[in-house]
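S.K.: One structure, pasted below without further comment.
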Amino acid sequence: MRKIALSLAVTGSLLLAACGGDSSSSDTTVASGDAAQSASECAAGKTLEEGVLTIGTGDPAYSPWVIDDKPESKEGFEAAVAYAVAKELGFEDASVKWVRTTFDEAIQPGAKNFDFNLQQYSITEERKQTVTFSDGYYTTNQAIVGLNDSAAKGATTLDAIKKLKLGAQAGTTSLTYITEVIQPEQEPFVYDDNAGAKAALDAKQIDAAVFDLPTALYVSAVEIEGSSVLGQFAAQDGATADEFGLVFDKDNALATCVNTALATLKDNGELASITAQWLSTSTNIPVIK
Amino acid sequence: MVSTINRRVAYEKSRQRRSIAVAAISSLVVVTAIVIFIPRMPRWNRVRTSFFNGDVFRDSFPRLLDAFVLDVKIFLWSAPAILILAMLVAMARNSRSPALFPLRAFTIAYTDIMRGVPVLLWIYLIGFGVPGLGLERPWNSPLLWGSIALILTYASYVAEVFRAGIESVHESQRAAARSLGLSHWQTMRHVVIPQAIRRVVPALMNDMVSLQKDVALVSLIGPIEILRRAGVDKSKFANFTPYVAAAVIFLCITIPLTRMTDYLMERERRRTTGTRVRS
């Protein structure tokens, strides 16, 4: 009896010590591992399809955000960011699935067919009412592209730009920028997508179009002959520059996991290197006053 | 004899009373069902704030009315052009002289091709494509070329309507005109076309009502008219009520137009046929 009781007591205390030791050591490993693993642990079970991350992008997806409309190739700023975030969330390249949506579709209220969508969506208060945004992954200004042989030539001040016929895509912060900040004399033309604005520039129906800066640089360099970036607009007092965020279904729990992943990418410099690789440094574009 | 007529009249009056009662009761039942059951559906409140939000309606209504003025302008300058072009195409199609065969072949190709391609595509092709060939302002205006695209497509549909009207006029009318010594064009002008137009007025009004809404397609190539303004407001408020407001404005124009069509049809029917067979 005494032997049994003694052995029981010893076994019991050993077990307790082991458990106590285990819990303390596992506490520390979980604590340090939390930051690294919690994004992927967090993401488990929160995606539409188990084990697959469904990412949405535009149809077509424009350069320099996605090269050649092939996000699976990981080429292009947004394609690279998407795969980097997916890796942090624990999804290998093969577990990433792409779907295409229009720009408008993803920020309307209603159920979504993607886990998150990235299409240069600027984070705005109005959009936050219907969708959830992640933290920003890129910050940029609006810029204006004009034809060299039109009234837009040499328009580098706000007053000169006010006199031009402008165009932009519907539902974007570029259009809001035109109507609220620039306030041109003639009503701007509005298009369903950037392709319409570019076609109108080509047809000289508008003098200049407003896009975000990287798109403006790409349009003027590659897509429309005889056009150039007239300038970029500095952030106005009170308003911040456009910050792009990933779009989620309203109150989707995956957003917090993605924010952790983005924080990691920012801390370890990977986001900065992706930015440097795909987006040209735009410090030599004049600022419009 | 008199008692038979009285019995007949009394019977028909009682049938009429019965059908009015049935109509009233069924309408009441349907309306009550809608008013009682729809608000009880689980997400009615969300649908109501999304589609029938009073504040957003009041906010966007003045802007939508402003933008609607552009729609009305486009309609007012397109409709006469469509009617004239369509009449010319229909008459050309109906010419019978062999010397005019190239003209006939051209009009057949025109109606086939313009009707075969969606109006949307024509608006892009003509609205962006033609100015893109190098026209200078103001000749490259999207309003101008968008309207031309609308005029060309709608004229092809209306030309077929006119053609149906012309061909429905009995051949004896032409024979009688010919025996009176009228030439082909005199026959058309004085005998065939007036009858043809009267016959196809309802179908024409149909096309006009449809045109009034397709005018909104011009927004795809830039100009801000009511549907585009509703879309911009929808993005601004994250609410679909601006579309409902735009629908209300459209209905204010369409319903009088359709009622007028009904009136014209009724007037034509009364003029041409005397009796009306009851149900």
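Going by the structure tokens order, chains are called A, B, ..., each with residues numbered from 1, while ligands are numbered from 1 in the order shown.
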DSSP on the backbone, then: every residue of segment 130-279 of chain A marked alpha helix (DSSP H), written as a count of residues only.
M.R.: 48
S.K.: Residues of chain B near chain A: apply a cut-off of 6 Å, count only C-alpha atoms, and supply the list as a PyMOL selection string.
M.R.: chain B and resi 131-132+220+222-223+232+235
S.K.: May I have the selected residues written with C-alpha atoms, as a PDB file, in the first residue's frame?
M.R.:
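So again-v7.pdb came out as:
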ATOM      1  CA  PRO B 131     -13.243  59.753 -83.956  1.00  0.00           C
ATOM      2  CA  GLY B 132     -10.121  57.648 -83.457  1.00  0.00           C
ATOM      3  CA  LEU B 220     -20.486  54.122 -72.178  1.00  0.00           C
ATOM      4  CA  GLY B 222     -18.236  59.272 -71.802  1.00  0.00           C
ATOM      5  CA  PRO B 223     -21.165  61.691 -71.449  1.00  0.00           C
ATOM      6  CA  VAL B 232     -21.636  57.187 -59.694  1.00  0.00           C
ATOM      7  CA  SER B 235     -20.704  53.985 -55.694  1.00  0.00           C
TER       8      SER B 235
END
S.K.: Please list as an NGL selection string every residue within 9 Å of Lys112 of chain A, counting only C-alpha atoms and excluding residues in the same chain fewer than 5 positions away.
M.R.: :A and (105-106 or 248-249)
S.K.: Fewer than 6 positions away in the same chain doesn't count, so skip those; otherwise give me all residues within 12 Å of Leu217 of chain B, counting only C-alpha atoms, as a PyMOL selection string.
M.R.: (chain A and resi 191-192) or (chain B and resi 71+74-75+118-124+127+142-143+146-147+149-150+210-211+223-228)
S.K.: Print the selection's residues with N, CA and C atoms to a file, as a compact mmCIF listing (two decimals), in the first residue's frame.
M.R.:
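result34.txt written:
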# COMPACT_ATOMS: atom_id res chain seq x y z
N TYR A 191 -16.11 56.77 -67.69
CA TYR A 191 -16.10 55.51 -68.43
C TYR A 191 -16.23 54.34 -67.49
N ASP A 192 -16.64 53.20 -68.08
CA ASP A 192 -16.81 52.00 -67.27
C ASP A 192 -15.50 51.47 -66.75
N ASP B 71 -30.39 62.99 -71.67
CA ASP B 71 -31.09 61.88 -72.32
C ASP B 71 -32.20 62.40 -73.22
N ILE B 74 -30.83 63.95 -76.41
CA ILE B 74 -30.38 62.95 -77.39
C ILE B 74 -31.58 62.31 -78.06
N PHE B 75 -32.61 62.00 -77.26
CA PHE B 75 -33.81 61.39 -77.83
C PHE B 75 -34.45 62.32 -78.84
N PRO B 118 -25.14 43.72 -81.70
CA PRO B 118 -25.78 44.44 -80.60
C PRO B 118 -25.50 45.94 -80.65
N VAL B 119 -26.47 46.72 -80.20
CA VAL B 119 -26.34 48.19 -80.24
C VAL B 119 -25.09 48.63 -79.48
N LEU B 120 -24.81 47.93 -78.37
CA LEU B 120 -23.64 48.23 -77.55
C LEU B 120 -22.37 48.25 -78.38
N LEU B 121 -22.21 47.23 -79.23
CA LEU B 121 -21.00 47.13 -80.04
C LEU B 121 -20.92 48.28 -81.03
N TRP B 122 -22.06 48.63 -81.62
CA TRP B 122 -22.04 49.74 -82.57
C TRP B 122 -21.66 51.03 -81.89
N ILE B 123 -22.14 51.22 -80.66
CA ILE B 123 -21.81 52.46 -79.96
C ILE B 123 -20.31 52.54 -79.73
N TYR B 124 -19.69 51.44 -79.32
CA TYR B 124 -18.24 51.47 -79.13
C TYR B 124 -17.51 51.65 -80.45
N GLY B 127 -18.62 55.13 -81.84
CA GLY B 127 -18.37 56.22 -80.91
C GLY B 127 -16.89 56.43 -80.62
N PRO B 142 -18.24 62.47 -78.60
CA PRO B 142 -18.93 61.18 -78.39
C PRO B 142 -20.44 61.31 -78.48
N LEU B 143 -20.98 62.51 -78.17
CA LEU B 143 -22.42 62.69 -78.30
C LEU B 143 -22.83 62.57 -79.76
N GLY B 146 -22.07 58.84 -80.93
CA GLY B 146 -22.97 57.94 -80.22
C GLY B 146 -24.38 58.05 -80.77
N SER B 147 -24.82 59.29 -81.02
CA SER B 147 -26.15 59.48 -81.59
C SER B 147 -26.22 58.88 -82.98
N ALA B 149 -24.54 56.36 -84.09
CA ALA B 149 -24.63 54.90 -83.93
C ALA B 149 -26.06 54.50 -83.60
N LEU B 150 -26.69 55.23 -82.66
CA LEU B 150 -28.08 54.93 -82.30
C LEU B 150 -29.01 55.09 -83.49
N SER B 210 -38.52 52.10 -76.60
CA SER B 210 -37.27 51.37 -76.43
C SER B 210 -36.07 52.29 -76.65
N LEU B 211 -36.17 53.20 -77.64
CA LEU B 211 -35.08 54.14 -77.91
C LEU B 211 -34.82 55.02 -76.71
N PRO B 223 -20.26 60.68 -72.00
CA PRO B 223 -21.17 61.69 -71.45
C PRO B 223 -21.90 61.19 -70.21
N ILE B 224 -22.07 62.12 -69.27
CA ILE B 224 -22.73 61.71 -68.03
C ILE B 224 -24.22 61.92 -68.20
N GLU B 225 -24.95 60.82 -68.45
CA GLU B 225 -26.39 60.98 -68.43
C GLU B 225 -26.95 60.15 -67.28
N ILE B 226 -28.25 59.99 -67.24
CA ILE B 226 -28.86 59.60 -65.98
C ILE B 226 -28.37 58.26 -65.43
N LEU B 227 -28.13 57.29 -66.30
CA LEU B 227 -27.72 55.99 -65.77
C LEU B 227 -26.30 56.04 -65.21
N ARG B 228 -25.44 56.82 -65.85
CA ARG B 228 -24.09 56.96 -65.36
C ARG B 228 -24.10 57.74 -64.04
S.K.: Which residues come within 9 Å of Met205 of chain B, counting only C-alpha atoms, excluding same-chain residues fewer than 2 positions away, as JSON, numbers by chain?
M.R.: {"B": [200, 201, 202, 203, 207, 208, 209, 210, 257, 258, 260, 261]}
S.K.: Got time to write the residues from that selection, N, CA and C atoms, as a short mmCIF file (atom, residue, chain, number, x, y, z; two decimals), in the first residue's frame?
M.R.:
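After the write, again-v1.cif holds the following:
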data_model
loop_
_atom_site.label_atom_id
_atom_site.label_comp_id
_atom_site.auth_asym_id
_atom_site.auth_seq_id
_atom_site.Cartn_x
_atom_site.Cartn_y
_atom_site.Cartn_z
N VAL B 200 -48.83 51.00 -88.66
CA VAL B 200 -47.70 50.59 -87.81
C VAL B 200 -47.43 51.54 -86.66
N VAL B 201 -48.32 52.49 -86.42
CA VAL B 201 -48.06 53.43 -85.32
C VAL B 201 -47.81 52.73 -83.98
N PRO B 202 -48.54 51.70 -83.58
CA PRO B 202 -48.21 51.07 -82.29
C PRO B 202 -46.81 50.48 -82.28
N ALA B 203 -46.42 49.81 -83.35
CA ALA B 203 -45.08 49.22 -83.38
C ALA B 203 -44.01 50.32 -83.34
N ASP B 207 -40.92 51.09 -80.60
CA ASP B 207 -39.52 51.37 -80.86
C ASP B 207 -39.09 52.69 -80.22
N MET B 208 -39.98 53.66 -80.21
CA MET B 208 -39.61 54.94 -79.59
C MET B 208 -39.42 54.79 -78.10
N VAL B 209 -40.30 54.02 -77.46
CA VAL B 209 -40.15 53.78 -76.02
C VAL B 209 -38.84 53.07 -75.75
N SER B 210 -38.52 52.10 -76.60
CA SER B 210 -37.27 51.37 -76.43
C SER B 210 -36.07 52.29 -76.65
N LEU B 257 -46.19 57.85 -72.66
CA LEU B 257 -45.98 57.43 -74.05
C LEU B 257 -46.77 56.16 -74.37
N THR B 258 -46.72 55.20 -73.47
CA THR B 258 -47.42 53.94 -73.75
C THR B 258 -48.93 54.12 -73.69
N MET B 260 -50.42 56.81 -74.58
CA MET B 260 -50.77 57.46 -75.83
C MET B 260 -50.80 56.44 -76.96
N THR B 261 -49.89 55.47 -76.93
CA THR B 261 -49.91 54.41 -77.93
C THR B 261 -51.23 53.65 -77.89
#
S.K.: Set the distance at 9 Å and use only C-alpha atoms: which residues neighbour segment 162-167 of chain B once local chain neighbours fewer than 3 positions away are removed? I'd like the list as a PyMOL selection string.
M.R.: chain B and resi 86-87+89-91+93-94+157-159+170-171+188+192-193+195-200+204
S.K.: As an exercise, work out the distance from atom CA of Gly110 of chain A to atom CA of Lys97 of chain A in Å and give it to one decimal place.
M.R.: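 These atoms are spaced 20.7 Å apart.
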S.K.: With only C-alpha atoms as the basis for distance, which of B:Ser141, B:Asn239, B:Ser168, B:Thr272 is at the shortest distance from Val218 of chain B?
M.R.: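 Among the listed residues, B:Ser141 lies closest to Val218 of chain B.
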